[in-house]
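S.K.: Following this line is final.cif, made up of mmCIF, C-alpha atoms (C1' of nucleotides):
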```cif
data_protein
loop_
_atom_site.label_atom_id
_atom_site.label_comp_id
_atom_site.auth_asym_id
_atom_site.auth_seq_id
_atom_site.Cartn_x
_atom_site.Cartn_y
_atom_site.Cartn_z
CA MET A 1 0.00 0.00 0.00
CA SER A 2 1.50 3.33 -0.98
CA SER A 3 2.42 5.52 1.92
CA VAL A 4 0.07 8.26 0.73
CA LEU A 5 -2.83 5.87 0.75
CA GLU A 6 -1.75 4.51 4.08
CA ARG A 7 -1.55 7.93 5.61
CA ASP A 8 -5.00 8.75 4.30
CA ILE A 9 -6.42 5.57 5.77
CA ARG A 10 -4.75 6.18 9.11
CA GLU A 11 -6.24 9.63 9.16
CA LYS A 12 -9.72 8.29 8.44
CA PHE A 13 -9.40 5.84 11.27
CA ARG A 14 -8.18 8.51 13.62
CA ARG A 15 -11.05 10.80 12.82
CA SER A 16 -13.65 8.07 13.08
CA GLY A 17 -12.51 6.84 16.46
CA TYR A 18 -12.15 3.26 15.22
CA THR A 19 -8.81 1.58 15.71
CA LEU A 20 -6.70 0.30 12.85
CA THR A 21 -6.08 -3.19 14.13
CA SER A 22 -3.99 -5.87 12.50
CA GLN A 23 -7.10 -7.68 11.29
CA ARG A 24 -8.43 -4.57 9.62
CA ARG A 25 -5.07 -3.96 8.05
CA ALA A 26 -5.06 -7.56 6.83
CA VAL A 27 -8.47 -7.03 5.24
CA LEU A 28 -7.15 -3.97 3.44
CA GLU A 29 -4.15 -5.92 2.19
CA ALA A 30 -6.41 -8.71 1.00
CA LEU A 31 -8.61 -6.27 -0.88
CA LYS A 32 -5.56 -4.92 -2.57
CA GLU A 33 -4.24 -8.38 -3.34
CA ALA A 34 -7.58 -9.60 -4.71
CA ARG A 35 -7.54 -6.87 -7.35
CA GLY A 36 -11.02 -7.31 -8.55
CA HIS A 37 -14.22 -7.27 -6.65
CA PRO A 38 -13.93 -9.95 -4.00
CA SER A 39 -16.74 -11.14 -1.79
CA ALA A 40 -16.38 -11.19 1.98
CA GLU A 41 -15.66 -14.89 1.68
CA ASP A 42 -12.86 -14.24 -0.83
CA VAL A 43 -11.32 -11.69 1.49
CA TYR A 44 -11.67 -14.09 4.39
CA LEU A 45 -9.81 -16.83 2.53
CA ILE A 46 -6.94 -14.52 1.64
CA VAL A 47 -6.64 -13.17 5.16
CA LYS A 48 -6.78 -16.71 6.53
CA ARG A 49 -3.70 -17.71 4.58
CA LYS A 50 -1.55 -15.47 6.76
CA ASN A 51 -3.57 -15.65 9.93
CA PRO A 52 -5.62 -18.85 10.15
CA ARG A 53 -7.30 -17.72 13.34
CA VAL A 54 -9.33 -14.85 11.87
CA ALA A 55 -13.05 -15.31 11.97
CA LEU A 56 -15.34 -14.69 9.04
CA GLY A 57 -17.40 -12.41 11.27
CA THR A 58 -14.34 -10.28 11.88
CA VAL A 59 -13.90 -9.83 8.15
CA TYR A 60 -17.51 -8.72 7.82
CA GLN A 61 -17.13 -6.33 10.69
CA ALA A 62 -13.89 -4.94 9.30
CA LEU A 63 -15.43 -4.45 5.87
CA SER A 64 -18.36 -2.63 7.37
CA VAL A 65 -16.10 -0.32 9.37
CA LEU A 66 -13.94 0.30 6.31
CA GLU A 67 -17.02 1.11 4.29
CA GLU A 68 -18.36 3.41 6.96
CA ILE A 69 -15.20 5.50 7.07
CA GLY A 70 -15.07 5.65 3.30
CA VAL A 71 -12.14 3.42 2.54
CA VAL A 72 -13.98 0.67 0.75
CA ASP A 73 -17.11 0.48 -1.32
CA SER A 74 -19.60 -2.35 -1.66
CA LYS A 75 -21.98 -3.39 -4.38
CA HIS A 76 -25.00 -5.63 -4.27
CA TRP A 77 -25.79 -7.80 -7.24
CA SER A 78 -28.45 -10.26 -8.05
CA GLU A 79 -27.32 -13.86 -7.71
CA SER A 80 -24.04 -12.96 -6.08
CA PRO A 81 -22.87 -12.06 -2.61
CA THR A 82 -21.92 -8.47 -1.93
CA ARG A 83 -18.61 -7.54 -3.45
CA TYR A 84 -16.10 -5.09 -2.04
CA ASP A 85 -13.74 -2.71 -3.62
CA LEU A 86 -10.86 -0.51 -2.49
CA ASN A 87 -11.40 2.04 -5.19
CA VAL A 88 -13.62 4.70 -3.74
CA GLU A 89 -13.67 6.95 -6.75
CA PRO A 90 -17.13 6.58 -8.27
CA HIS A 91 -16.82 4.12 -11.10
CA LEU A 92 -18.81 1.59 -13.07
CA ASP A 93 -18.60 -2.17 -12.77
CA ILE A 94 -20.22 -4.76 -14.95
CA ARG A 95 -20.81 -8.36 -13.92
CA CYS A 96 -21.16 -11.26 -16.31
CA ALA A 97 -24.48 -12.96 -15.70
CA ARG A 98 -23.07 -16.29 -16.76
CA CYS A 99 -19.55 -16.62 -15.33
CA GLY A 100 -19.77 -13.97 -12.61
CA VAL A 101 -16.59 -12.07 -13.45
CA VAL A 102 -16.68 -8.38 -12.62
CA SER A 103 -14.85 -5.76 -14.66
CA GLU A 104 -14.66 -2.05 -14.64
CA ILE A 105 -16.16 0.12 -17.36
CA PRO A 106 -13.89 3.10 -17.96
CA GLY A 107 -14.66 6.40 -19.51
CA VAL A 108 -18.23 6.97 -18.42
CA GLU A 109 -18.91 10.34 -16.91
CA LEU A 110 -20.97 10.05 -13.74
CA GLU A 111 -20.86 13.50 -12.24
CA GLU A 112 -23.68 14.91 -14.31
CA LEU A 113 -25.91 12.03 -13.33
CA GLU A 114 -25.22 12.59 -9.66
CA GLU A 115 -25.96 16.25 -10.04
CA ASN A 116 -29.24 15.53 -11.77
CA ILE A 117 -30.19 13.10 -9.04
CA ARG A 118 -29.51 15.61 -6.29
CA TYR A 119 -31.44 18.24 -8.15
CA ASN A 120 -34.49 16.05 -8.67
CA THR A 121 -35.04 14.56 -5.24
CA PRO A 122 -35.77 16.09 -1.86
CA TYR A 123 -33.75 13.30 -0.24
CA GLU A 124 -30.27 13.91 1.07
CA VAL A 125 -28.40 11.62 -1.30
CA LYS A 126 -25.77 9.51 0.41
CA ARG A 127 -24.80 6.96 -2.17
CA THR A 128 -25.41 6.23 -5.81
CA THR A 129 -24.55 2.79 -7.05
CA ILE A 130 -24.81 1.68 -10.63
CA VAL A 131 -25.04 -2.02 -11.21
CA VAL A 132 -24.62 -3.27 -14.73
CA GLU A 133 -25.08 -6.85 -15.81
CA GLY A 134 -24.44 -8.51 -19.13
CA LEU A 135 -22.43 -11.15 -20.88
CA CYS A 136 -18.66 -10.93 -21.01
CA PRO A 137 -16.96 -11.43 -24.39
CA SER A 138 -16.11 -15.09 -23.78
CA CYS A 139 -19.52 -16.07 -22.44
CA ARG A 140 -21.08 -14.17 -25.28
CA GLU A 141 -19.57 -16.50 -27.83
CA ALA A 142 -20.39 -19.72 -26.02
CA MET B 1 -54.94 -3.35 -14.90
CA SER B 2 -55.61 -1.46 -18.10
CA SER B 3 -56.57 -3.63 -21.02
CA VAL B 4 -53.61 -2.38 -23.04
CA LEU B 5 -51.22 -3.46 -20.33
CA GLU B 6 -53.06 -6.71 -19.96
CA ARG B 7 -52.86 -7.44 -23.66
CA ASP B 8 -49.16 -6.70 -23.61
CA ILE B 9 -48.62 -9.04 -20.70
CA ARG B 10 -50.63 -11.79 -22.31
CA GLU B 11 -48.53 -11.41 -25.42
CA LYS B 12 -45.31 -11.67 -23.46
CA PHE B 13 -46.53 -14.83 -21.79
CA ARG B 14 -47.56 -16.30 -25.09
CA ARG B 15 -44.21 -15.61 -26.68
CA SER B 16 -42.25 -16.94 -23.71
CA GLY B 17 -44.11 -20.21 -23.47
CA TYR B 18 -44.95 -19.68 -19.81
CA THR B 19 -48.58 -19.82 -18.81
CA LEU B 20 -50.43 -16.95 -17.22
CA THR B 21 -51.87 -18.77 -14.24
CA SER B 22 -54.16 -17.36 -11.59
CA GLN B 23 -51.29 -17.17 -9.12
CA ARG B 24 -49.15 -15.19 -11.53
CA ARG B 25 -52.08 -12.92 -12.25
CA ALA B 26 -52.55 -12.47 -8.51
CA VAL B 27 -48.91 -11.49 -8.14
CA LEU B 28 -49.35 -8.89 -10.87
CA GLU B 29 -52.44 -7.52 -9.14
CA ALA B 30 -50.57 -7.38 -5.85
CA LEU B 31 -47.70 -5.50 -7.45
CA LYS B 32 -50.18 -3.03 -8.80
CA GLU B 33 -51.98 -2.74 -5.50
CA ALA B 34 -48.78 -2.29 -3.50
CA ARG B 35 -47.91 0.79 -5.51
CA GLY B 36 -44.42 1.23 -4.35
CA HIS B 37 -41.62 -1.20 -4.34
CA PRO B 38 -42.78 -4.23 -2.43
CA SER B 39 -40.60 -7.10 -1.36
CA ALA B 40 -41.52 -10.68 -2.23
CA GLU B 41 -42.86 -11.00 1.30
CA ASP B 42 -45.09 -7.94 0.83
CA VAL B 43 -46.45 -9.37 -2.39
CA TYR B 44 -47.00 -12.70 -0.68
CA LEU B 45 -49.04 -11.12 2.10
CA ILE B 46 -51.25 -9.26 -0.36
CA VAL B 47 -51.82 -12.32 -2.51
CA LYS B 48 -52.53 -14.37 0.61
CA ARG B 49 -55.43 -12.12 1.56
CA LYS B 50 -57.42 -13.36 -1.41
CA ASN B 51 -55.96 -16.83 -1.66
CA PRO B 52 -54.60 -18.04 1.67
CA ARG B 53 -53.24 -21.21 0.13
CA VAL B 54 -50.53 -19.62 -2.01
CA ALA B 55 -47.01 -20.52 -1.03
CA LEU B 56 -44.23 -18.00 -0.64
CA GLY B 57 -42.17 -20.06 -3.04
CA THR B 58 -44.82 -19.64 -5.68
CA VAL B 59 -44.60 -15.88 -5.32
CA TYR B 60 -40.84 -16.01 -5.77
CA GLN B 61 -41.20 -18.23 -8.78
CA ALA B 62 -43.87 -15.99 -10.28
CA LEU B 63 -41.77 -12.90 -9.74
CA SER B 64 -38.81 -14.52 -11.40
CA VAL B 65 -40.88 -15.56 -14.41
CA LEU B 66 -42.39 -12.08 -14.64
CA GLU B 67 -38.95 -10.56 -14.48
CA GLU B 68 -37.62 -12.94 -17.11
CA ILE B 69 -40.32 -12.01 -19.61
CA GLY B 70 -39.83 -8.33 -18.91
CA VAL B 71 -42.99 -7.50 -17.04
CA VAL B 72 -41.45 -6.67 -13.71
CA ASP B 73 -38.14 -5.31 -12.58
CA SER B 74 -36.20 -6.02 -9.42
CA LYS B 75 -33.69 -4.04 -7.44
CA HIS B 76 -31.19 -5.14 -4.85
CA TRP B 77 -30.41 -2.84 -1.96
CA SER B 78 -28.15 -3.06 1.00
CA GLU B 79 -29.99 -3.89 4.20
CA SER B 80 -33.24 -4.68 2.47
CA PRO B 81 -34.71 -7.62 0.63
CA THR B 82 -35.06 -7.42 -3.12
CA ARG B 83 -37.87 -5.14 -4.17
CA TYR B 84 -40.06 -5.56 -7.21
CA ASP B 85 -41.67 -3.12 -9.49
CA LEU B 86 -44.24 -3.24 -12.29
CA ASN B 87 -42.83 -0.22 -14.04
CA VAL B 88 -40.41 -1.50 -16.61
CA GLU B 89 -39.51 1.85 -18.09
CA PRO B 90 -36.01 2.60 -16.87
CA HIS B 91 -36.35 4.89 -13.90
CA LEU B 92 -34.60 5.90 -10.72
CA ASP B 93 -35.53 4.90 -7.21
CA ILE B 94 -34.13 6.19 -3.97
CA ARG B 95 -34.36 4.39 -0.65
CA CYS B 96 -34.22 6.07 2.72
CA ALA B 97 -31.40 4.53 4.70
CA ARG B 98 -33.23 5.17 7.94
CA CYS B 99 -36.93 4.37 7.41
CA GLY B 100 -36.62 2.23 4.29
CA VAL B 101 -39.23 3.98 2.17
CA VAL B 102 -38.57 3.90 -1.56
CA SER B 103 -39.56 6.73 -3.89
CA GLU B 104 -39.06 7.45 -7.50
CA ILE B 105 -36.82 10.23 -8.75
CA PRO B 106 -38.41 11.80 -11.81
CA GLY B 107 -36.82 13.82 -14.54
CA VAL B 108 -33.42 12.23 -14.82
CA GLU B 109 -32.34 11.31 -18.31
CA LEU B 110 -30.87 7.84 -18.43
CA GLU B 111 -30.58 7.07 -22.11
CA GLU B 112 -27.28 8.83 -22.58
CA LEU B 113 -25.77 6.92 -19.69
CA GLU B 114 -26.88 3.60 -21.15
CA GLU B 115 -25.44 4.55 -24.50
CA ASN B 116 -22.12 5.46 -22.91
CA ILE B 117 -22.04 2.20 -21.05
CA ARG B 118 -22.64 0.15 -24.17
CA TYR B 119 -20.02 2.12 -26.00
CA ASN B 120 -17.36 1.63 -23.33
CA THR B 121 -17.62 -2.07 -22.59
CA PRO B 122 -17.12 -5.17 -24.70
CA TYR B 123 -19.84 -6.91 -22.69
CA GLU B 124 -23.31 -7.42 -24.07
CA VAL B 125 -25.20 -5.23 -21.62
CA LYS B 126 -28.39 -6.81 -20.35
CA ARG B 127 -29.41 -4.64 -17.48
CA THR B 128 -28.44 -1.39 -15.86
CA THR B 129 -29.74 -0.70 -12.40
CA ILE B 130 -29.16 2.45 -10.48
CA VAL B 131 -29.55 2.26 -6.75
CA VAL B 132 -29.64 5.48 -4.81
CA GLU B 133 -29.66 5.72 -1.05
CA GLY B 134 -30.12 8.71 1.19
CA LEU B 135 -32.30 10.27 3.84
CA CYS B 136 -35.91 11.13 3.08
CA PRO B 137 -37.15 14.59 4.05
CA SER B 138 -38.74 13.45 7.32
CA CYS B 139 -35.82 11.34 8.47
CA ARG B 140 -33.53 14.16 7.53
CA GLU B 141 -35.07 16.45 10.11
CA ALA B 142 -35.12 13.94 12.93
"C1'" DT C 1 1.41 -1.26 34.89
"C1'" DT C 2 -3.37 -1.16 35.33
"C1'" DC C 3 -7.89 -0.59 33.73
"C1'" DG C 4 -11.94 -0.16 30.67
"C1'" DG C 5 -13.73 -0.15 26.46
"C1'" DA C 6 -13.14 -1.82 21.84
"C1'" DA C 7 -12.22 -5.71 18.97
"C1'" DT C 8 -11.89 -10.63 18.13
"C1'" DA C 9 -12.69 -15.84 17.65
"C1'" DG C 10 -15.78 -19.14 17.42
"C1'" DG C 11 -20.01 -20.60 16.78
"C1'" DA C 12 -25.00 -20.23 16.90
"C1'" DA C 13 -28.91 -17.85 14.96
"C1'" DT C 14 -31.39 -15.24 11.36
"C1'" DG C 15 -33.71 -14.22 7.26
"C1'" DG C 16 -34.23 -14.05 2.44
"C1'" DT C 17 -34.30 -17.18 -1.14
"C1'" DT C 18 -34.07 -21.62 -3.50
"C1'" DA C 19 -34.74 -26.58 -3.94
"C1'" DC C 20 -37.41 -30.59 -3.53
"C1'" DT C 21 -41.54 -33.58 -3.80
"C1'" DG C 22 -45.86 -35.21 -4.48
"C1'" DA C 23 -50.34 -33.30 -5.70
"C1'" DT C 24 -52.98 -30.38 -8.97
"C1'" DC C 25 -53.95 -27.78 -12.90
"C1'" DG C 26 -54.83 -26.54 -17.65
"C1'" DG C 27 -54.64 -26.73 -22.39
"C1'" DA C 28 -53.68 -29.54 -26.84
"C1'" DG C 29 -55.47 -33.10 -29.17
"C1'" DA C 30 -58.88 -37.00 -29.78
"C1'" DT D 1 -66.40 -33.06 -23.84
"C1'" DC D 2 -62.70 -36.28 -22.08
"C1'" DT D 3 -57.89 -37.72 -21.58
"C1'" DC D 4 -53.32 -37.10 -20.89
"C1'" DC D 5 -48.84 -34.85 -20.08
"C1'" DG D 6 -46.03 -31.33 -18.91
"C1'" DA D 7 -46.17 -27.15 -16.32
"C1'" DT D 8 -47.28 -25.25 -12.03
"C1'" DC D 9 -48.29 -25.30 -7.28
"C1'" DA D 10 -48.35 -25.93 -1.95
"C1'" DG D 11 -45.90 -27.14 1.70
"C1'" DT D 12 -41.71 -27.74 3.69
"C1'" DA D 13 -36.87 -28.51 4.13
"C1'" DA D 14 -32.46 -26.84 2.92
"C1'" DC D 15 -29.14 -23.22 1.75
"C1'" DC D 16 -26.13 -19.55 2.28
"C1'" DA D 17 -24.75 -14.86 3.10
"C1'" DT D 18 -24.77 -12.17 6.87
"C1'" DT D 19 -25.52 -10.84 11.67
"C1'" DC D 20 -25.60 -11.73 16.50
"C1'" DC D 21 -23.87 -13.42 20.84
"C1'" DT D 22 -20.47 -14.34 24.46
"C1'" DA D 23 -16.35 -15.15 26.60
"C1'" DT D 24 -11.67 -13.81 25.75
"C1'" DT D 25 -8.04 -10.79 24.12
"C1'" DC D 26 -6.16 -6.63 22.75
"C1'" DC D 27 -4.91 -1.76 22.96
"C1'" DG D 28 -4.35 2.80 24.43
"C1'" DA D 29 -4.94 6.27 27.90
"C1'" DA D 30 -3.87 7.46 32.50
#
```
As structure tokens - that is how I would like this structure written.
M.R.:
Amino acid sequence: MSSVLERDIREKFRRSGYTLTSQRRAVLEALKEARGHPSAEDVYLIVKRKNPRVALGTVYQALSVLEEIGVVDSKHWSESPTRYDLNVEPHLDIRCARCGVVSEIPGVELEELEENIRYNTPYEVKRTTIVVEGLCPSCREA
Amino acid sequence: MSSVLERDIREKFRRSGYTLTSQRRAVLEALKEARGHPSAEDVYLIVKRKNPRVALGTVYQALSVLEEIGVVDSKHWSESPTRYDLNVEPHLDIRCARCGVVSEIPGVELEELEENIRYNTPYEVKRTTIVVEGLCPSCREA
DNA sequence: TTCGGAATAGGAATGGTTACTGATCGGAGA
DNA sequence: TCTCCGATCAGTAACCATTCCTATTCCGAA
């Protein structure tokens, strides 16, 4: 993890009052290592490789803390457990309905949409998630 | 249900090969009656009022058939069961993170976004769902 | 070093959803 | 109209992601 990122994360922990424990750090490392959009179970398995004593519940709790302080992001799909993501910049992901792989869709401007949403609802908008499903190139052929 | 809608639904059933049974019709009526974004459980309770023998599983199966043939739409939220919707026109919903109420956000143009998505991914896009969460006006004050 | 609150491991419980099975329905053809 | 067969259904058990619970451990402030 780059030191800039690490400093930022430390700062977010400090401000939130949560403590940056070794388990939470391990979850962050696992998210980085997974490089994709791992489920809590995926993260758990990676963390377990280095520390076999971690509990799945701890991973869930860590992920929820990390999400709360704005370090990770989660997405809910149909027919798939929740997937987590270190990248907090708003971005688009697409999931293959057949094989389940998740990829990022680059180059789509989202700011205008968010603006329009805020303008058109009396709600205080907290979170906008765009979930795209389709068939990936290889499943498309098959 | 307007006769135009009903004709359209009948046609979609005919083309799909599924049969429009009384239970599936009841689920459609319930979706219309619920006027909002009911969960499968909500739909089940409404259907049960008129036919106490329906099984929850039947409601789930009906909803999945209806979704498959394009008559209903579903959305997956965090901290909430899947919610279903008769309105198949692409539209935006926002859910209050505190009280759970779901409302529609009118007046946001989505076609351009969909076009951009299709243009920027090699996937065959099947479905784009936008999930917005926030605080509704009353929860905002409290 | 001590203390108290936060965090954790381990496992049980929950809740939404799906799967299974035998009974029932409904529509195509006689 | 009657028969038959595959689709659908009711009822219930199973599943699985996630949360909850409790005793133990950790960590940081004093």
S.K.: What are the residues of chain A lining chain B at 7 Å or less? Count all atoms listed in the file, and put the answer as number ranges by chain.
M.R.: A: 76-78, 105-108, 116-117, 120-137
S.K.: Selection in question (the file shown): the PyMOL selection byres ((chain A) within 9 of (chain D)). Which residues does it include, as a list in words?
M.R.: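 Checked against the file, the PyMOL selection byres ((chain A) within 9 of (chain D)) matches Thr19, Gly57, Tyr60, Pro81 and Thr82 of chain A.
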S.K.: Write out as JSON lines a residue-level contact list of segment 3-27 of chain A versus segment 7-17 of chain C with cut-off 10 Å: for each qualifying residue the closest pair of atoms and the distance in Å to one decimal, counting only C-alpha atoms (C1' of nucleotides), rows sorted by chain and residue number upward.
M.R.:
```
{"residue": "A:Tyr18", "atom": "CA", "partner": "C:DA7", "partner_atom": "C1'", "distance": 9.7}
{"residue": "A:Thr19", "atom": "CA", "partner": "C:DA7", "partner_atom": "C1'", "distance": 8.7}
{"residue": "A:Thr21", "atom": "CA", "partner": "C:DA7", "partner_atom": "C1'", "distance": 8.2}
{"residue": "A:Gln23", "atom": "CA", "partner": "C:DT8", "partner_atom": "C1'", "distance": 8.9}
```
S.K.: How many Å lie between atom CA of Leu31 of chain B and atom CA of Ser16 of chain B, rounded to one decimal?
M.R.: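 Between atom CA of Leu31 of chain B and atom CA of Ser16 of chain B the gap works out to 20.6 Å.
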S.K.: Counting all atoms listed in the file, which of B:Arg83, B:Arg49, B:Arg25, B:Arg15 gets nearest to chain C?
M.R.: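 Closest to chain C, using all atoms listed in the file: B:Arg83.
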S.K.: Counting all atoms listed in the file, a student should be able to say which residues of chain A come within 7 Å of chain C; what is the right answer, written as a PyMOL selection string?
M.R.: chain A and resi 54-55+58
S.K.: Just how far from atom CA of Ser80 of chain A is atom CA of Gly100 of chain A, in Å to one decimal?
M.R.: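 We find that atom CA of Gly100 of chain A and atom CA of Ser80 of chain A lie 7.9 Å from each other.
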S.K.: Can you measure atom CA of Ala62 of chain A to atom CA of Arg24 of chain A for me? One decimal in Å is fine.
M.R.: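 It comes out at 5.5 Å.
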S.K.: Measuring atom to atom with all atoms listed in the file, identify which of B:Arg98, B:Arg14, B:Arg7, B:Lys32 is nearest to Tyr84 of chain B.
M.R.: B:Lys32
